[in-house]
Number of protein chains: 2
Amino acid sequence: MKTVSAAQTLSEQIRDGNLFAEQCPSRDVLKHVTSRWGVLILVALRDGTHRFSDLRRKMGGVSEKMLSQSLQWLELDGFINRVAYPVVPPHVEYSLTPLGEEVSEKVAALANWIELNIPQVLAHHAKQVA
Amino acid sequence: MKTVSAAQTLSEQIRDGNLFAEQCPSRDVLKHVTSRWGVLILVALRDGTHRFSDLRRKMGGVSEKMLSQSLQWLELDGFINRVAYPVVPPHVEYSLTPLGEEVSEKVAALANWIELNIPQVLAHHAKQVA
DNA sequence: CAGCATCCAAGAAGATACTG
DNA sequence: CAGTATCTTCTTGGATGCTG
């Protein structure tokens with residue numbers, strides 16, 4: 001926990017970022033993490049190191065471009081480790097960093113909730129029609 | 001908890017949706033919930049009922065259009081309650097449903113983590129340059 | 001195998017004007 | 001106040017072809 005200066009207001013003292021502020025960099029991180037493929041990558045890497053193709057096979061419907069782009073975002077944010085072995089053919093391994101483990105935990109919790117509660121949501125959709 | 005048939009495999013028995021499956025409806029729900037404004041709406045409504053304009057003011061940078069569209073998605077998914085009072089000028093209140101309280105909890109956990117750990121991420125960005 | 005570069009389509013998002 | 005309608009812009013995402 002960081003120390004709080006007297007000048008800080010109550011609402012600012014706890015958090016360092018503020019998603020409700022338009023120009024806060026946290027918005028970008030949120031974007032990467034909650035992006036269409038970012039979520040899946042983070043969850044997939046929870047059960048261990050994966051190679052590029054492994055990830056691609058595992059996540060239905062991702063293109064090479066988007067997979068590599070999403071991986072780069074997450075790597076730059078410090079959530080993912082990329083290790084390239086200098087062999088032919090190329091061999092690259094992706095894994096979570098300690099920081100990545102933390103976010104992925106939160107993301108996975110959300111993903112799990114959704115997977116478990118899809119029936120409720122679908123039931124609600126059905127009611128709309130009636 | 002649903003009952004599990006003998007035919008189900010270990011990995012399938014717990015969850016009803018599967019985000020790794022391309023055509024699973026859970027992907028749509030995830031999209032709504034993790035959308036740029038969906039996250040903010042869900043988090044904002046955690047501290048009580050809000051009117052349309054209240055939400056708009058609170059969330060930096062949303063357009064009327066996107067706010068109303070995002071609200072509609074979340075309402076259709078059963079996460080949000082919309083109550084319109086038949087008065088002039090119009091008065092509409094948005095709040096979380098019990099189901100919405102649950103997702104928003106997960107979403108808020110993620111949002112909080114990001115706001116708190118922005119410094120780490122930014123520090124990592126800085127290292128890339130060097 | 002693991003990608004990058006390029007081009008293109010679709011959808012998300014924004015600005016503005018208007019309505020019950 | 002709480003939207004809708006419309007138009008435009010930008011980003012996301014996909015297809016294809018090429019490379020170390």
# chains A, B, ... in the order shown; residues from 1 in each chain; ligands from 1
>>> interface_residues(of="chain B", to="chain C", cutoff="9 Å", atoms="only C-alpha atoms (C1' of nucleotides)", output="list in words")
Val62, Ser63, Lys65 and Met66 of chain B
>>> closest_atom_pairs(of="segment 16-119 of chain B", to="chain D", cutoff="10 Å", atoms="only C-alpha atoms (C1' of nucleotides)", output="JSON lines")
{"residue": "B:Arg51", "atom": "CA", "partner": "D:DA2", "partner_atom": "C1'", "distance": 9.2}
{"residue": "B:Phe52", "atom": "CA", "partner": "D:DA2", "partner_atom": "C1'", "distance": 6.9}
{"residue": "B:Ser53", "atom": "CA", "partner": "D:DC1", "partner_atom": "C1'", "distance": 8.0}
{"residue": "B:Glu64", "atom": "CA", "partner": "D:DG3", "partner_atom": "C1'", "distance": 7.9}
{"residue": "B:Lys65", "atom": "CA", "partner": "D:DG3", "partner_atom": "C1'", "distance": 8.5}
{"residue": "B:Ser68", "atom": "CA", "partner": "D:DG3", "partner_atom": "C1'", "distance": 7.7}
{"residue": "B:Ala84", "atom": "CA", "partner": "D:DA2", "partner_atom": "C1'", "distance": 9.7}
{"residue": "B:Val87", "atom": "CA", "partner": "D:DC1", "partner_atom": "C1'", "distance": 9.9}
{"residue": "B:Val88", "atom": "CA", "partner": "D:DC1", "partner_atom": "C1'", "distance": 8.0}
{"residue": "B:Pro89", "atom": "CA", "partner": "D:DC1", "partner_atom": "C1'", "distance": 5.3}
{"residue": "B:Pro90", "atom": "CA", "partner": "D:DC1", "partner_atom": "C1'", "distance": 5.0}
{"residue": "B:His91", "atom": "CA", "partner": "D:DC1", "partner_atom": "C1'", "distance": 6.4}
{"residue": "B:Val92", "atom": "CA", "partner": "D:DA2", "partner_atom": "C1'", "distance": 7.4}
>>> select_by_dssp(residues="chain A", states="alpha helix (DSSP H)", output="ChimeraX atom specification")
/A:26-33,36-44,52-58,64-76,98-129
>>> calpha_fit_and_write(fixed="chain A", moving="chain B", output="CSV table (one decimal) with N, CA and C atoms, in the first residue's frame")
chain,number,residue,atom,x,y,z
B,1,MET,N,2.2,-1.1,-1.2
B,1,MET,CA,1.3,0.0,-1.0
B,1,MET,C,2.0,1.3,-0.9
B,2,LYS,N,1.5,2.3,-1.7
B,2,LYS,CA,2.2,3.6,-1.7
B,2,LYS,C,1.7,4.5,-0.6
B,3,THR,N,2.5,5.4,-0.2
B,3,THR,CA,2.1,6.3,0.8
B,3,THR,C,1.2,7.4,0.2
B,4,VAL,N,0.4,7.9,1.1
B,4,VAL,CA,-0.7,8.8,0.7
B,4,VAL,C,-0.4,10.2,1.2
B,5,SER,N,-0.4,11.2,0.3
B,5,SER,CA,-0.1,12.6,0.8
B,5,SER,C,-1.4,13.1,1.3
B,6,ALA,N,-1.3,14.1,2.2
B,6,ALA,CA,-2.5,14.7,2.8
B,6,ALA,C,-3.4,15.4,1.8
B,7,ALA,N,-2.9,15.7,0.7
B,7,ALA,CA,-3.7,16.5,-0.3
B,7,ALA,C,-4.6,15.6,-1.1
B,8,GLN,N,-4.3,14.3,-1.1
B,8,GLN,CA,-5.2,13.4,-1.9
B,8,GLN,C,-6.5,13.2,-1.2
B,9,THR,N,-7.6,13.1,-2.1
B,9,THR,CA,-8.9,12.9,-1.6
B,9,THR,C,-9.1,11.4,-1.3
B,10,LEU,N,-10.2,11.1,-0.7
B,10,LEU,CA,-10.4,9.7,-0.3
B,10,LEU,C,-10.5,8.8,-1.5
B,11,SER,N,-11.2,9.3,-2.6
B,11,SER,CA,-11.4,8.4,-3.7
B,11,SER,C,-10.1,8.3,-4.6
B,12,GLU,N,-9.2,9.1,-4.4
B,12,GLU,CA,-8.0,9.0,-5.2
B,12,GLU,C,-6.9,8.3,-4.6
B,13,GLN,N,-6.9,8.2,-3.3
B,13,GLN,CA,-5.7,7.7,-2.6
B,13,GLN,C,-5.4,6.2,-2.9
B,14,ILE,N,-6.3,5.4,-3.2
B,14,ILE,CA,-6.0,4.0,-3.3
B,14,ILE,C,-5.4,3.7,-4.7
B,15,ARG,N,-6.1,4.1,-5.7
B,15,ARG,CA,-5.8,3.7,-7.1
B,15,ARG,C,-4.8,4.7,-7.8
B,16,ASP,N,-4.0,4.2,-8.7
B,16,ASP,CA,-3.1,5.0,-9.4
B,16,ASP,C,-3.6,5.4,-10.8
B,17,GLY,N,-4.5,4.5,-11.3
B,17,GLY,CA,-5.1,4.8,-12.6
B,17,GLY,C,-6.5,5.1,-12.4
B,18,ASN,N,-7.2,5.6,-13.4
B,18,ASN,CA,-8.6,5.9,-13.3
B,18,ASN,C,-9.2,5.6,-14.7
B,19,LEU,N,-9.9,4.5,-14.8
B,19,LEU,CA,-10.5,4.2,-16.1
B,19,LEU,C,-11.6,5.1,-16.5
B,20,PHE,N,-12.1,5.9,-15.6
B,20,PHE,CA,-13.2,6.9,-16.0
B,20,PHE,C,-12.6,8.1,-16.6
B,21,ALA,N,-11.3,8.3,-16.5
B,21,ALA,CA,-10.6,9.4,-17.1
B,21,ALA,C,-10.2,9.1,-18.5
B,22,GLU,N,-10.6,9.9,-19.4
B,22,GLU,CA,-10.5,9.6,-20.8
B,22,GLU,C,-9.1,9.4,-21.3
B,23,GLN,N,-8.1,10.1,-20.8
B,23,GLN,CA,-6.8,10.0,-21.3
B,23,GLN,C,-5.8,9.1,-20.4
B,24,CYS,N,-6.4,8.4,-19.5
B,24,CYS,CA,-5.6,7.6,-18.6
B,24,CYS,C,-5.1,6.4,-19.3
B,25,PRO,N,-3.8,6.1,-19.2
B,25,PRO,CA,-3.2,5.0,-19.9
B,25,PRO,C,-3.8,3.6,-19.5
B,26,SER,N,-4.5,3.6,-18.4
B,26,SER,CA,-5.1,2.3,-18.0
B,26,SER,C,-6.2,1.9,-19.0
B,27,ARG,N,-6.7,2.9,-19.8
B,27,ARG,CA,-7.7,2.5,-20.8
B,27,ARG,C,-7.0,1.6,-21.9
B,28,ASP,N,-5.8,1.9,-22.2
B,28,ASP,CA,-5.1,1.1,-23.2
B,28,ASP,C,-4.8,-0.3,-22.7
B,29,VAL,N,-4.4,-0.4,-21.5
B,29,VAL,CA,-4.1,-1.7,-20.9
B,29,VAL,C,-5.4,-2.5,-20.9
B,30,LEU,N,-6.5,-1.9,-20.5
B,30,LEU,CA,-7.8,-2.5,-20.4
B,30,LEU,C,-8.1,-3.0,-21.8
B,31,LYS,N,-7.9,-2.2,-22.8
B,31,LYS,CA,-8.2,-2.6,-24.2
B,31,LYS,C,-7.4,-3.8,-24.6
B,32,HIS,N,-6.1,-3.9,-24.3
B,32,HIS,CA,-5.3,-5.0,-24.7
B,32,HIS,C,-5.8,-6.3,-24.0
B,33,VAL,N,-6.0,-6.2,-22.7
B,33,VAL,CA,-6.4,-7.3,-21.9
B,33,VAL,C,-7.8,-7.8,-22.2
B,34,THR,N,-8.7,-6.9,-22.5
B,34,THR,CA,-10.1,-7.3,-22.8
B,34,THR,C,-10.4,-7.4,-24.3
B,35,SER,N,-9.4,-7.3,-25.1
B,35,SER,CA,-9.6,-7.4,-26.5
B,35,SER,C,-10.0,-8.9,-26.9
B,36,ARG,N,-10.6,-9.0,-28.0
B,36,ARG,CA,-11.2,-10.3,-28.4
B,36,ARG,C,-10.3,-11.4,-28.2
B,37,TRP,N,-9.0,-11.3,-28.6
B,37,TRP,CA,-8.1,-12.4,-28.5
B,37,TRP,C,-7.2,-12.3,-27.2
B,38,GLY,N,-7.1,-11.1,-26.7
B,38,GLY,CA,-6.3,-11.0,-25.5
B,38,GLY,C,-6.8,-11.8,-24.3
B,39,VAL,N,-8.1,-11.8,-24.2
B,39,VAL,CA,-8.7,-12.6,-23.1
B,39,VAL,C,-8.4,-14.1,-23.3
B,40,LEU,N,-8.6,-14.6,-24.5
B,40,LEU,CA,-8.3,-16.0,-24.7
B,40,LEU,C,-6.9,-16.4,-24.5
B,41,ILE,N,-6.0,-15.5,-25.0
B,41,ILE,CA,-4.5,-15.8,-24.8
B,41,ILE,C,-4.2,-15.9,-23.3
B,42,LEU,N,-4.6,-14.9,-22.6
B,42,LEU,CA,-4.4,-14.9,-21.1
B,42,LEU,C,-4.9,-16.1,-20.4
B,43,VAL,N,-6.1,-16.5,-20.8
B,43,VAL,CA,-6.7,-17.7,-20.2
B,43,VAL,C,-5.9,-19.0,-20.6
B,44,ALA,N,-5.6,-19.0,-21.9
B,44,ALA,CA,-5.0,-20.2,-22.4
B,44,ALA,C,-3.6,-20.5,-21.8
B,45,LEU,N,-2.9,-19.4,-21.6
B,45,LEU,CA,-1.5,-19.5,-21.1
B,45,LEU,C,-1.5,-19.9,-19.6
B,46,ARG,N,-2.7,-19.9,-19.0
B,46,ARG,CA,-2.8,-20.2,-17.5
B,46,ARG,C,-2.4,-21.7,-17.3
B,47,ASP,N,-2.6,-22.6,-18.3
B,47,ASP,CA,-2.2,-23.9,-18.1
B,47,ASP,C,-0.9,-24.2,-18.8
B,48,GLY,N,0.1,-23.2,-18.7
B,48,GLY,CA,1.4,-23.5,-19.1
B,48,GLY,C,1.9,-22.8,-20.4
B,49,THR,N,3.1,-23.0,-20.6
B,49,THR,CA,3.8,-22.5,-21.8
B,49,THR,C,3.2,-23.0,-23.1
B,50,HIS,N,3.0,-22.2,-24.1
B,50,HIS,CA,2.5,-22.6,-25.4
B,50,HIS,C,3.3,-22.1,-26.5
B,51,ARG,N,3.4,-22.8,-27.6
B,51,ARG,CA,4.0,-22.3,-28.8
B,51,ARG,C,3.0,-21.6,-29.6
B,52,PHE,N,3.5,-20.8,-30.6
B,52,PHE,CA,2.6,-20.0,-31.4
B,52,PHE,C,1.4,-20.9,-32.0
B,53,SER,N,1.8,-21.9,-32.6
B,53,SER,CA,0.8,-22.8,-33.3
B,53,SER,C,-0.1,-23.5,-32.3
B,54,ASP,N,0.4,-23.8,-31.2
B,54,ASP,CA,-0.5,-24.4,-30.1
B,54,ASP,C,-1.6,-23.4,-29.8
B,55,LEU,N,-1.2,-22.2,-29.5
B,55,LEU,CA,-2.2,-21.2,-29.2
B,55,LEU,C,-3.2,-21.0,-30.3
B,56,ARG,N,-2.7,-20.9,-31.5
B,56,ARG,CA,-3.6,-20.7,-32.7
B,56,ARG,C,-4.6,-21.8,-32.8
B,57,ARG,N,-4.1,-23.0,-32.6
B,57,ARG,CA,-5.1,-24.2,-32.7
B,57,ARG,C,-6.1,-24.1,-31.6
B,58,LYS,N,-5.6,-23.8,-30.4
B,58,LYS,CA,-6.5,-23.8,-29.2
B,58,LYS,C,-7.6,-22.8,-29.3
B,59,MET,N,-7.3,-21.6,-29.8
B,59,MET,CA,-8.2,-20.5,-29.8
B,59,MET,C,-8.9,-20.5,-31.2
B,60,GLY,N,-10.2,-21.0,-31.2
B,60,GLY,CA,-10.9,-21.0,-32.5
B,60,GLY,C,-11.0,-19.7,-33.2
B,61,GLY,N,-10.6,-19.7,-34.4
B,61,GLY,CA,-10.8,-18.6,-35.3
B,61,GLY,C,-9.9,-17.4,-35.3
B,62,VAL,N,-8.7,-17.5,-34.7
B,62,VAL,CA,-7.8,-16.4,-34.7
B,62,VAL,C,-7.0,-16.5,-36.0
B,63,SER,N,-6.7,-15.4,-36.6
B,63,SER,CA,-5.7,-15.3,-37.7
B,63,SER,C,-4.3,-15.2,-37.2
B,64,GLU,N,-3.4,-15.6,-38.0
B,64,GLU,CA,-2.0,-15.4,-37.6
B,64,GLU,C,-1.7,-14.0,-37.2
B,65,LYS,N,-2.2,-13.1,-38.0
B,65,LYS,CA,-1.9,-11.7,-37.8
B,65,LYS,C,-2.4,-11.2,-36.4
B,66,MET,N,-3.6,-11.5,-36.1
B,66,MET,CA,-4.2,-11.0,-34.9
B,66,MET,C,-3.6,-11.7,-33.7
B,67,LEU,N,-3.2,-12.9,-33.8
B,67,LEU,CA,-2.6,-13.6,-32.7
B,67,LEU,C,-1.3,-13.0,-32.4
B,68,SER,N,-0.5,-12.8,-33.4
B,68,SER,CA,0.8,-12.2,-33.2
B,68,SER,C,0.7,-10.8,-32.7
B,69,GLN,N,-0.2,-10.0,-33.2
B,69,GLN,CA,-0.4,-8.7,-32.8
B,69,GLN,C,-0.8,-8.6,-31.3
B,70,SER,N,-1.8,-9.4,-30.9
B,70,SER,CA,-2.3,-9.5,-29.6
B,70,SER,C,-1.2,-9.9,-28.6
B,71,LEU,N,-0.4,-10.9,-29.1
B,71,LEU,CA,0.7,-11.3,-28.2
B,71,LEU,C,1.7,-10.2,-28.0
B,72,GLN,N,2.0,-9.4,-29.0
B,72,GLN,CA,2.9,-8.3,-28.9
B,72,GLN,C,2.4,-7.2,-27.9
B,73,TRP,N,1.1,-6.9,-28.0
B,73,TRP,CA,0.6,-6.0,-27.0
B,73,TRP,C,0.8,-6.4,-25.6
B,74,LEU,N,0.4,-7.7,-25.4
B,74,LEU,CA,0.5,-8.2,-24.0
B,74,LEU,C,2.0,-8.4,-23.6
B,75,GLU,N,2.9,-8.6,-24.5
B,75,GLU,CA,4.3,-8.7,-24.2
B,75,GLU,C,4.8,-7.3,-23.8
B,76,LEU,N,4.4,-6.3,-24.5
B,76,LEU,CA,4.8,-4.9,-24.2
B,76,LEU,C,4.3,-4.4,-22.9
B,77,ASP,N,3.1,-4.9,-22.5
B,77,ASP,CA,2.5,-4.5,-21.3
B,77,ASP,C,3.2,-5.3,-20.1
B,78,GLY,N,4.0,-6.3,-20.4
B,78,GLY,CA,4.7,-7.0,-19.4
B,78,GLY,C,3.9,-8.2,-18.8
B,79,PHE,N,2.9,-8.6,-19.6
B,79,PHE,CA,2.1,-9.8,-19.1
B,79,PHE,C,2.6,-11.1,-19.6
B,80,ILE,N,3.3,-11.0,-20.7
B,80,ILE,CA,3.7,-12.2,-21.4
B,80,ILE,C,5.2,-12.3,-21.7
B,81,ASN,N,5.8,-13.5,-21.5
B,81,ASN,CA,7.2,-13.7,-21.9
B,81,ASN,C,7.3,-14.4,-23.2
B,82,ARG,N,8.2,-13.9,-24.0
B,82,ARG,CA,8.4,-14.5,-25.4
B,82,ARG,C,9.8,-15.0,-25.4
B,83,VAL,N,10.0,-16.3,-25.6
B,83,VAL,CA,11.3,-16.9,-25.7
B,83,VAL,C,11.5,-17.6,-27.1
B,84,ALA,N,12.4,-17.1,-27.9
B,84,ALA,CA,12.6,-17.7,-29.2
B,84,ALA,C,13.9,-18.5,-29.2
B,85,TYR,N,13.8,-19.7,-29.5
B,85,TYR,CA,15.0,-20.6,-29.6
B,85,TYR,C,15.6,-20.5,-31.0
B,86,PRO,N,16.8,-20.2,-31.1
B,86,PRO,CA,17.5,-20.0,-32.4
B,86,PRO,C,17.7,-21.4,-33.1
B,87,VAL,N,16.7,-22.0,-33.5
B,87,VAL,CA,16.8,-23.3,-34.2
B,87,VAL,C,16.0,-23.2,-35.5
B,88,VAL,N,16.3,-24.2,-36.4
B,88,VAL,CA,15.5,-24.3,-37.6
B,88,VAL,C,14.8,-25.7,-37.6
B,89,PRO,N,13.5,-25.7,-37.7
B,89,PRO,CA,12.6,-24.6,-37.9
B,89,PRO,C,12.5,-23.8,-36.6
B,90,PRO,N,12.0,-22.6,-36.6
B,90,PRO,CA,11.9,-21.7,-35.4
B,90,PRO,C,11.0,-22.4,-34.3
B,91,HIS,N,11.4,-22.0,-33.1
B,91,HIS,CA,10.6,-22.6,-32.0
B,91,HIS,C,10.5,-21.4,-31.0
B,92,VAL,N,9.2,-21.0,-30.8
B,92,VAL,CA,9.0,-19.8,-29.9
B,92,VAL,C,8.0,-20.2,-28.8
B,93,GLU,N,8.3,-19.9,-27.6
B,93,GLU,CA,7.4,-20.2,-26.5
B,93,GLU,C,6.9,-19.0,-25.8
B,94,TYR,N,5.6,-19.0,-25.5
B,94,TYR,CA,5.0,-17.9,-24.8
B,94,TYR,C,4.5,-18.4,-23.4
B,95,SER,N,4.7,-17.5,-22.4
B,95,SER,CA,4.3,-17.9,-21.1
B,95,SER,C,3.9,-16.6,-20.3
B,96,LEU,N,3.2,-16.8,-19.2
B,96,LEU,CA,2.8,-15.6,-18.4
B,96,LEU,C,4.0,-15.2,-17.5
B,97,THR,N,4.1,-13.9,-17.4
B,97,THR,CA,5.0,-13.3,-16.4
B,97,THR,C,4.3,-13.3,-15.0
B,98,PRO,N,5.0,-13.0,-13.9
B,98,PRO,CA,4.3,-12.9,-12.7
B,98,PRO,C,3.1,-11.9,-12.7
B,99,LEU,N,3.4,-10.8,-13.4
B,99,LEU,CA,2.4,-9.8,-13.5
B,99,LEU,C,1.2,-10.3,-14.4
B,100,GLY,N,1.6,-11.1,-15.4
B,100,GLY,CA,0.6,-11.7,-16.3
B,100,GLY,C,-0.3,-12.7,-15.5
B,101,GLU,N,0.3,-13.4,-14.6
B,101,GLU,CA,-0.4,-14.4,-13.8
B,101,GLU,C,-1.5,-13.7,-13.1
B,102,GLU,N,-1.2,-12.5,-12.6
B,102,GLU,CA,-2.2,-11.8,-11.8
B,102,GLU,C,-3.4,-11.3,-12.6
B,103,VAL,N,-3.1,-10.7,-13.8
B,103,VAL,CA,-4.3,-10.2,-14.6
B,103,VAL,C,-5.0,-11.4,-15.1
B,104,SER,N,-4.3,-12.4,-15.5
B,104,SER,CA,-5.0,-13.6,-16.1
B,104,SER,C,-5.9,-14.2,-15.1
B,105,GLU,N,-5.6,-14.1,-13.8
B,105,GLU,CA,-6.4,-14.6,-12.8
B,105,GLU,C,-7.8,-13.9,-12.8
B,106,LYS,N,-7.7,-12.6,-12.9
B,106,LYS,CA,-8.9,-11.8,-12.9
B,106,LYS,C,-9.7,-12.1,-14.2
B,107,VAL,N,-9.0,-12.1,-15.3
B,107,VAL,CA,-9.6,-12.4,-16.6
B,107,VAL,C,-10.3,-13.7,-16.6
B,108,ALA,N,-9.6,-14.7,-16.1
B,108,ALA,CA,-10.1,-16.1,-16.0
B,108,ALA,C,-11.4,-16.2,-15.2
B,109,ALA,N,-11.4,-15.4,-14.1
B,109,ALA,CA,-12.5,-15.4,-13.2
B,109,ALA,C,-13.8,-14.9,-14.0
B,110,LEU,N,-13.6,-13.9,-14.7
B,110,LEU,CA,-14.7,-13.3,-15.5
B,110,LEU,C,-15.1,-14.3,-16.6
B,111,ALA,N,-14.1,-14.9,-17.3
B,111,ALA,CA,-14.4,-15.8,-18.4
B,111,ALA,C,-15.1,-17.1,-17.8
B,112,ASN,N,-14.7,-17.5,-16.7
B,112,ASN,CA,-15.4,-18.7,-16.1
B,112,ASN,C,-16.8,-18.4,-15.7
B,113,TRP,N,-17.0,-17.2,-15.2
B,113,TRP,CA,-18.3,-16.8,-14.8
B,113,TRP,C,-19.2,-16.8,-16.0
B,114,ILE,N,-18.8,-16.3,-17.1
B,114,ILE,CA,-19.6,-16.2,-18.3
B,114,ILE,C,-19.9,-17.6,-18.8
B,115,GLU,N,-18.9,-18.5,-18.9
B,115,GLU,CA,-19.1,-19.8,-19.4
B,115,GLU,C,-20.1,-20.6,-18.5
B,116,LEU,N,-20.0,-20.3,-17.2
B,116,LEU,CA,-21.0,-21.0,-16.3
B,116,LEU,C,-22.4,-20.4,-16.4
B,117,ASN,N,-22.5,-19.2,-16.7
B,117,ASN,CA,-23.8,-18.5,-16.6
B,117,ASN,C,-24.5,-18.3,-17.9
B,118,ILE,N,-23.9,-18.8,-19.0
B,118,ILE,CA,-24.5,-18.6,-20.3
B,118,ILE,C,-25.9,-19.1,-20.3
B,119,PRO,N,-26.3,-20.1,-19.7
B,119,PRO,CA,-27.7,-20.5,-19.7
B,119,PRO,C,-28.6,-19.4,-19.2
B,120,GLN,N,-28.2,-18.8,-18.1
B,120,GLN,CA,-29.1,-17.7,-17.6
B,120,GLN,C,-29.2,-16.6,-18.6
B,121,VAL,N,-28.2,-16.2,-19.2
B,121,VAL,CA,-28.2,-15.1,-20.2
B,121,VAL,C,-29.1,-15.5,-21.4
B,122,LEU,N,-28.9,-16.8,-21.9
B,122,LEU,CA,-29.7,-17.3,-23.0
B,122,LEU,C,-31.2,-17.3,-22.6
B,123,ALA,N,-31.4,-17.7,-21.4
B,123,ALA,CA,-32.8,-17.7,-21.0
B,123,ALA,C,-33.4,-16.3,-21.0
B,124,HIS,N,-32.6,-15.4,-20.6
B,124,HIS,CA,-33.1,-14.0,-20.7
B,124,HIS,C,-33.4,-13.5,-22.1
B,125,HIS,N,-32.5,-13.9,-23.0
B,125,HIS,CA,-32.7,-13.6,-24.4
B,125,HIS,C,-34.0,-14.1,-24.9
B,126,ALA,N,-34.3,-15.4,-24.5
B,126,ALA,CA,-35.5,-16.0,-24.9
B,126,ALA,C,-36.7,-15.3,-24.5
B,127,LYS,N,-36.7,-14.7,-23.3
B,127,LYS,CA,-37.8,-14.0,-22.7
B,127,LYS,C,-38.1,-12.7,-23.5
B,128,GLN,N,-37.1,-12.1,-24.1
B,128,GLN,CA,-37.2,-10.9,-24.8
B,128,GLN,C,-38.2,-11.1,-26.0
B,129,VAL,N,-38.1,-12.2,-26.6
B,129,VAL,CA,-38.8,-12.5,-27.8
B,129,VAL,C,-40.3,-12.6,-27.5
B,130,ALA,N,-40.6,-13.2,-26.4
B,130,ALA,CA,-42.0,-13.5,-26.0
B,130,ALA,C,-42.7,-12.2,-25.7
>>> select_by_dssp(residues="segment 49-99 of chain B", states="strand (DSSP E)", output="count of residues only")
14
>>> decode(residues="segment 82-94 of chain A", atoms="N, CA, C and O atoms", output="PDB file, in the first residue's frame")
ATOM      1  N   ARG A  82       8.206 -13.974 -24.097  1.00  0.00           N
ATOM      2  CA  ARG A  82       8.385 -14.585 -25.411  1.00  0.00           C
ATOM      3  C   ARG A  82       9.810 -15.074 -25.516  1.00  0.00           C
ATOM      4  O   ARG A  82      10.760 -14.300 -25.411  1.00  0.00           O
ATOM      5  N   VAL A  83       9.974 -16.357 -25.715  1.00  0.00           N
ATOM      6  CA  VAL A  83      11.309 -16.930 -25.826  1.00  0.00           C
ATOM      7  C   VAL A  83      11.456 -17.606 -27.179  1.00  0.00           C
ATOM      8  O   VAL A  83      10.739 -18.562 -27.495  1.00  0.00           O
ATOM      9  N   ALA A  84      12.386 -17.105 -27.979  1.00  0.00           N
ATOM     10  CA  ALA A  84      12.608 -17.663 -29.312  1.00  0.00           C
ATOM     11  C   ALA A  84      13.891 -18.481 -29.327  1.00  0.00           C
ATOM     12  O   ALA A  84      14.965 -17.961 -29.013  1.00  0.00           O
ATOM     13  N   TYR A  85      13.786 -19.719 -29.694  1.00  0.00           N
ATOM     14  CA  TYR A  85      14.970 -20.568 -29.790  1.00  0.00           C
ATOM     15  C   TYR A  85      15.527 -20.474 -31.202  1.00  0.00           C
ATOM     16  O   TYR A  85      14.790 -20.650 -32.174  1.00  0.00           O
ATOM     17  N   PRO A  86      16.830 -20.182 -31.325  1.00  0.00           N
ATOM     18  CA  PRO A  86      17.445 -19.988 -32.631  1.00  0.00           C
ATOM     19  C   PRO A  86      17.727 -21.299 -33.346  1.00  0.00           C
ATOM     20  O   PRO A  86      18.865 -21.691 -33.523  1.00  0.00           O
ATOM     21  N   VAL A  87      16.634 -21.939 -33.743  1.00  0.00           N
ATOM     22  CA  VAL A  87      16.775 -23.199 -34.471  1.00  0.00           C
ATOM     23  C   VAL A  87      15.958 -23.142 -35.750  1.00  0.00           C
ATOM     24  O   VAL A  87      15.151 -22.240 -35.923  1.00  0.00           O
ATOM     25  N   VAL A  88      16.220 -24.083 -36.630  1.00  0.00           N
ATOM     26  CA  VAL A  88      15.423 -24.188 -37.838  1.00  0.00           C
ATOM     27  C   VAL A  88      14.756 -25.561 -37.844  1.00  0.00           C
ATOM     28  O   VAL A  88      15.452 -26.554 -37.696  1.00  0.00           O
ATOM     29  N   PRO A  89      13.449 -25.575 -37.985  1.00  0.00           N
ATOM     30  CA  PRO A  89      12.550 -24.423 -38.090  1.00  0.00           C
ATOM     31  C   PRO A  89      12.401 -23.699 -36.766  1.00  0.00           C
ATOM     32  O   PRO A  89      12.646 -24.312 -35.719  1.00  0.00           O
ATOM     33  N   PRO A  90      11.995 -22.441 -36.807  1.00  0.00           N
ATOM     34  CA  PRO A  90      11.842 -21.609 -35.605  1.00  0.00           C
ATOM     35  C   PRO A  90      10.994 -22.266 -34.522  1.00  0.00           C
ATOM     36  O   PRO A  90      10.057 -22.997 -34.821  1.00  0.00           O
ATOM     37  N   HIS A  91      11.355 -21.966 -33.301  1.00  0.00           N
ATOM     38  CA  HIS A  91      10.593 -22.494 -32.165  1.00  0.00           C
ATOM     39  C   HIS A  91      10.458 -21.363 -31.155  1.00  0.00           C
ATOM     40  O   HIS A  91      11.448 -20.899 -30.605  1.00  0.00           O
ATOM     41  N   VAL A  92       9.208 -20.917 -30.938  1.00  0.00           N
ATOM     42  CA  VAL A  92       8.982 -19.810 -30.014  1.00  0.00           C
ATOM     43  C   VAL A  92       7.996 -20.228 -28.936  1.00  0.00           C
ATOM     44  O   VAL A  92       6.977 -20.846 -29.234  1.00  0.00           O
ATOM     45  N   GLU A  93       8.331 -19.872 -27.720  1.00  0.00           N
ATOM     46  CA  GLU A  93       7.452 -20.249 -26.615  1.00  0.00           C
ATOM     47  C   GLU A  93       6.918 -19.027 -25.875  1.00  0.00           C
ATOM     48  O   GLU A  93       7.675 -18.109 -25.552  1.00  0.00           O
ATOM     49  N   TYR A  94       5.645 -19.061 -25.594  1.00  0.00           N
ATOM     50  CA  TYR A  94       4.992 -17.977 -24.862  1.00  0.00           C
ATOM     51  C   TYR A  94       4.533 -18.475 -23.504  1.00  0.00           C
ATOM     52  O   TYR A  94       4.010 -19.584 -23.385  1.00  0.00           O
TER      53      TYR A  94
END
